[in-house]
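So the structure is just underneath, and the comments pick up after that.
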Amino acid sequence: MARHFAEKTLVVASHNAGKVREIKELLGDFGIETISAGDLNLPEPEETGETFKANAVLKAQAAATASGKPALADDSGLCVAALNGAPGIYSARWAGPQKDFDFAMEKVRLGLLEEGTLDTHAWFVCGLALAWPDGHVEYFEGRVDGELTWPPRGLKGFGYDPMFVPEGHEETFGEMDQGKKHAMSHRAHAFRQLVDACFKS
């Protein structure tokens, strides 16, 4: 039985403005005040885990300990079949210190060219960890499959969204209405599990 979230304030353990905005929108119906780790000037812990779960838990626990409030961390990334699941947990790091995702998307494209493959199958994974200051953690994971496209299309979303077309659709996540994306994304799948387990009374 998952622990019920009864507090009024939740720290979003991220300095990524796009990710913080998306999480705030997904939690908008629950009357919870969300504060980002960036707003609190919390340090970003080094992501030393080798899985989405390990890194999400690490970040959530660090933010909960530093803030004294429950914290939600998301570790997510793009996994490309032909690149053996890369960039995966290193998705943000592929964008470099400047968080240049145009550069990161070009790196994916060049990787596929180097492999000499026409296999464009890819998937996004989102691991969500909700941690309390007492050390308790709940974890949920979502996934959405699709295909990569080039050149990138659309200015909505963030990260690798402009080069990812989810299964059964023609628009990239970068072109898609964000309400539509929120209903079907990897983050949405993980959030539905989180909400059902921890937020519904």
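Identifiers in the structure tokens: chain A, B, ... in order shown; residue index from 1 per chain; ligand index from 1 in order shown.
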- Any chance you could list, as a ChimeraX atom specification, the residues in chain A that come up strand (DSSP E) when DSSP is run on the backbone? /A:9-12,33-36,71-80,121-131,137-148,164-166
- Task: Report as an NGL selection string: the residues of segment 47-196 of chain A with a DSSP assignment of helix (DSSP H, G or I), based on the backbone of this structure.
- Result: :A and (52-67 or 81-83 or 88-90 or 93-95 or 101-115 or 161-163 or 178-184 or 186-196)
- What gap, in Å, lies between atom CA of Asp177 of chain A and atom CA of Asp74 of chain A? 21.6 Å
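When only C-alpha atoms are used to measure the gap to His189 of chain A, the shortest distance among A:Phe173, A:Pro45, A:Leu112, A:Leu26 belongs to A:Leu26.
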- Message: Neighbouring residues of Phe30 of chain A were defined as those with any atom within 12 Å, considering only C-alpha atoms; residues of the same chain fewer than 5 positions away were excluded. Please report them as a VMD selection string.
- Response: chain A and resid 5 to 10 23 to 25 195 198 to 201
- Message: Quick one: residues within 12 Å of Trp94 of chain A, only C-alpha atoms, excluding same-chain residues fewer than 2 positions away - as a PyMOL selection string?
- Response: chain A and resi 77-78+86-92+96-108+111+159-160
Would you put the residues from that selection into a file with C-alpha atoms, as a PDB file, in the first residue's frame?
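Output below, filename out29.pdb:
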ATOM      1  CA  GLY A  77      15.185  10.190 -21.194  1.00  0.00           C
ATOM      2  CA  LEU A  78      15.070   9.128 -24.791  1.00  0.00           C
ATOM      3  CA  ALA A  86      21.307   5.500 -25.664  1.00  0.00           C
ATOM      4  CA  PRO A  87      21.181   8.282 -24.702  1.00  0.00           C
ATOM      5  CA  GLY A  88      18.875   6.868 -21.986  1.00  0.00           C
ATOM      6  CA  ILE A  89      19.853   8.076 -18.520  1.00  0.00           C
ATOM      7  CA  TYR A  90      22.428  10.352 -20.175  1.00  0.00           C
ATOM      8  CA  SER A  91      19.816  12.225 -22.250  1.00  0.00           C
ATOM      9  CA  ALA A  92      20.312  15.558 -20.465  1.00  0.00           C
ATOM     10  CA  GLY A  96      26.000  19.522 -22.572  1.00  0.00           C
ATOM     11  CA  PRO A  97      26.335  22.136 -19.825  1.00  0.00           C
ATOM     12  CA  GLN A  98      24.398  24.671 -21.915  1.00  0.00           C
ATOM     13  CA  LYS A  99      21.411  22.258 -22.188  1.00  0.00           C
ATOM     14  CA  ASP A 100      21.575  22.596 -25.983  1.00  0.00           C
ATOM     15  CA  PHE A 101      19.049  20.029 -27.186  1.00  0.00           C
ATOM     16  CA  ASP A 102      19.491  21.023 -30.825  1.00  0.00           C
ATOM     17  CA  PHE A 103      23.040  19.724 -30.371  1.00  0.00           C
ATOM     18  CA  ALA A 104      21.761  16.616 -28.572  1.00  0.00           C
ATOM     19  CA  MET A 105      19.254  15.816 -31.338  1.00  0.00           C
ATOM     20  CA  GLU A 106      21.979  16.222 -33.947  1.00  0.00           C
ATOM     21  CA  LYS A 107      24.129  13.817 -31.903  1.00  0.00           C
ATOM     22  CA  VAL A 108      21.320  11.225 -32.072  1.00  0.00           C
ATOM     23  CA  GLY A 111      24.735   8.214 -34.197  1.00  0.00           C
ATOM     24  CA  GLY A 159      14.264  18.340 -24.893  1.00  0.00           C
ATOM     25  CA  TYR A 160      14.022  15.739 -27.658  1.00  0.00           C
TER      26      TYR A 160
END
- Message: Please report the interatomic distance between atom CA of Arg109 of chain A and atom CA of Ala95 of chain A in Å with one decimal.
- Response: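 According to the coordinates, atom CA of Arg109 of chain A and atom CA of Ala95 of chain A are separated by 13.4 Å.
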- Interatomic distance (Å, one decimal) between atom CA of Val137 of chain A and atom CA of Val57 of chain A: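 According to the coordinates, atom CA of Val137 of chain A and atom CA of Val57 of chain A are separated by 7.3 Å.
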- Query: With only C-alpha atoms as the basis for distance, which of A:Asp39, A:Glu22, A:Asp119, A:Asp75 is at the shortest distance from Phe158 of chain A?
  - Reply: A:Glu22
- Task: Show which residues sit within 8 Å of Pro162 of chain A, as a list in words. Count only C-alpha atoms, and ignore same-chain residues fewer than 4 positions away.
- Result: Pro152, Arg153, Gly154, Leu155, Lys156, Gly157, Phe158, Thr172, Phe173, Gly174 and Glu175 of chain A
Those same residues - N, CA and C atoms - I'd like them written as an mmCIF file, in the first residue's frame.
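To be explicit, this is the file written out as result-v7.cif:
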data_model
loop_
_atom_site.group_PDB
_atom_site.id
_atom_site.type_symbol
_atom_site.label_atom_id
_atom_site.label_comp_id
_atom_site.auth_asym_id
_atom_site.auth_seq_id
_atom_site.Cartn_x
_atom_site.Cartn_y
_atom_site.Cartn_z
ATOM 1 N N PRO A 152 13.961 18.037 -36.920
ATOM 2 C CA PRO A 152 13.028 18.230 -35.808
ATOM 3 C C PRO A 152 11.906 19.177 -36.208
ATOM 4 N N ARG A 153 10.716 18.940 -35.626
ATOM 5 C CA ARG A 153 9.558 19.759 -35.965
ATOM 6 C C ARG A 153 8.849 20.231 -34.694
ATOM 7 N N GLY A 154 8.537 21.530 -34.642
ATOM 8 C CA GLY A 154 7.725 22.060 -33.557
ATOM 9 C C GLY A 154 8.524 22.745 -32.474
ATOM 10 N N LEU A 155 7.895 23.757 -31.879
ATOM 11 C CA LEU A 155 8.550 24.562 -30.837
ATOM 12 C C LEU A 155 7.910 24.352 -29.468
ATOM 13 N N LYS A 156 6.951 23.431 -29.378
ATOM 14 C CA LYS A 156 6.323 23.139 -28.092
ATOM 15 C C LYS A 156 7.125 22.052 -27.392
ATOM 16 N N GLY A 157 6.795 21.795 -26.146
ATOM 17 C CA GLY A 157 7.518 20.768 -25.415
ATOM 18 C C GLY A 157 8.937 21.216 -25.109
ATOM 19 N N PHE A 158 9.831 20.257 -24.910
ATOM 20 C CA PHE A 158 11.225 20.569 -24.594
ATOM 21 C C PHE A 158 12.069 19.335 -24.854
ATOM 22 N N THR A 172 4.963 15.432 -34.051
ATOM 23 C CA THR A 172 5.973 15.210 -33.004
ATOM 24 C C THR A 172 5.435 15.763 -31.683
ATOM 25 N N PHE A 173 6.068 15.364 -30.589
ATOM 26 C CA PHE A 173 5.719 15.961 -29.303
ATOM 27 C C PHE A 173 5.974 17.467 -29.319
ATOM 28 N N GLY A 174 6.887 17.912 -30.178
ATOM 29 C CA GLY A 174 7.170 19.340 -30.290
ATOM 30 C C GLY A 174 6.096 20.123 -31.016
ATOM 31 N N GLU A 175 5.293 19.432 -31.835
ATOM 32 C CA GLU A 175 4.195 20.070 -32.559
ATOM 33 C C GLU A 175 2.862 19.920 -31.837
#
- Between A:Leu72, A:Ala2, A:Ser67, A:Gly179, which is the closest to Thr34 of chain A once you count only C-alpha atoms?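 That would be A:Leu72, the residue with the smallest distance to Thr34 of chain A.
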- For Val144 of chain A, list every protein, DNA or RNA residue within 9 Å, evaluated using only C-alpha atoms, and leave out those in the same chain fewer than 2 positions away; present the list as a ChimeraX atom specification. /A:122-125,142,146,166-167,184-187,189
For the residues selected in the previous step, produce a file with C-alpha atoms as an mmCIF file, in the first residue's frame.
data_model
loop_
_atom_site.group_PDB
_atom_site.id
_atom_site.type_symbol
_atom_site.label_atom_id
_atom_site.label_comp_id
_atom_site.auth_asym_id
_atom_site.auth_seq_id
_atom_site.Cartn_x
_atom_site.Cartn_y
_atom_site.Cartn_z
ATOM 1 C CA ALA A 122 12.735 4.924 -29.926
ATOM 2 C CA TRP A 123 10.944 5.361 -26.626
ATOM 3 C CA PHE A 124 10.796 7.825 -23.783
ATOM 4 C CA VAL A 125 10.985 6.589 -20.190
ATOM 5 C CA GLY A 142 6.025 5.193 -17.531
ATOM 6 C CA GLY A 146 7.442 5.949 -31.223
ATOM 7 C CA PRO A 166 4.591 8.779 -30.750
ATOM 8 C CA GLU A 167 3.038 5.576 -32.083
ATOM 9 C CA MET A 184 -0.299 10.205 -23.458
ATOM 10 C CA SER A 185 3.354 10.906 -22.661
ATOM 11 C CA HIS A 186 5.765 8.752 -20.658
ATOM 12 C CA ARG A 187 5.459 11.323 -17.865
ATOM 13 C CA HIS A 189 1.766 7.290 -17.701
#
- Task: Quick one: everything within 7 Å of Glu147 of chain A, counting only C-alpha atoms, minus sequence neighbours fewer than 2 positions away in the same chain. Send it as a PyMOL selection string.
- Result: chain A and resi 120-122+149+164-166
- Between A:Ala190, A:Ala82, A:Ala183, A:Ala63, which one has atoms that come closest to Cys126 of chain A, using only C-alpha atoms?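 Of all the options, A:Ala190 lies closest to Cys126 of chain A.
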- Query: Taking only C-alpha atoms into account, which of A:Gly85, A:Gly38, A:Gly31, A:Pro151 comes nearest Lys19 of chain A?
  - Reply: A:Gly38
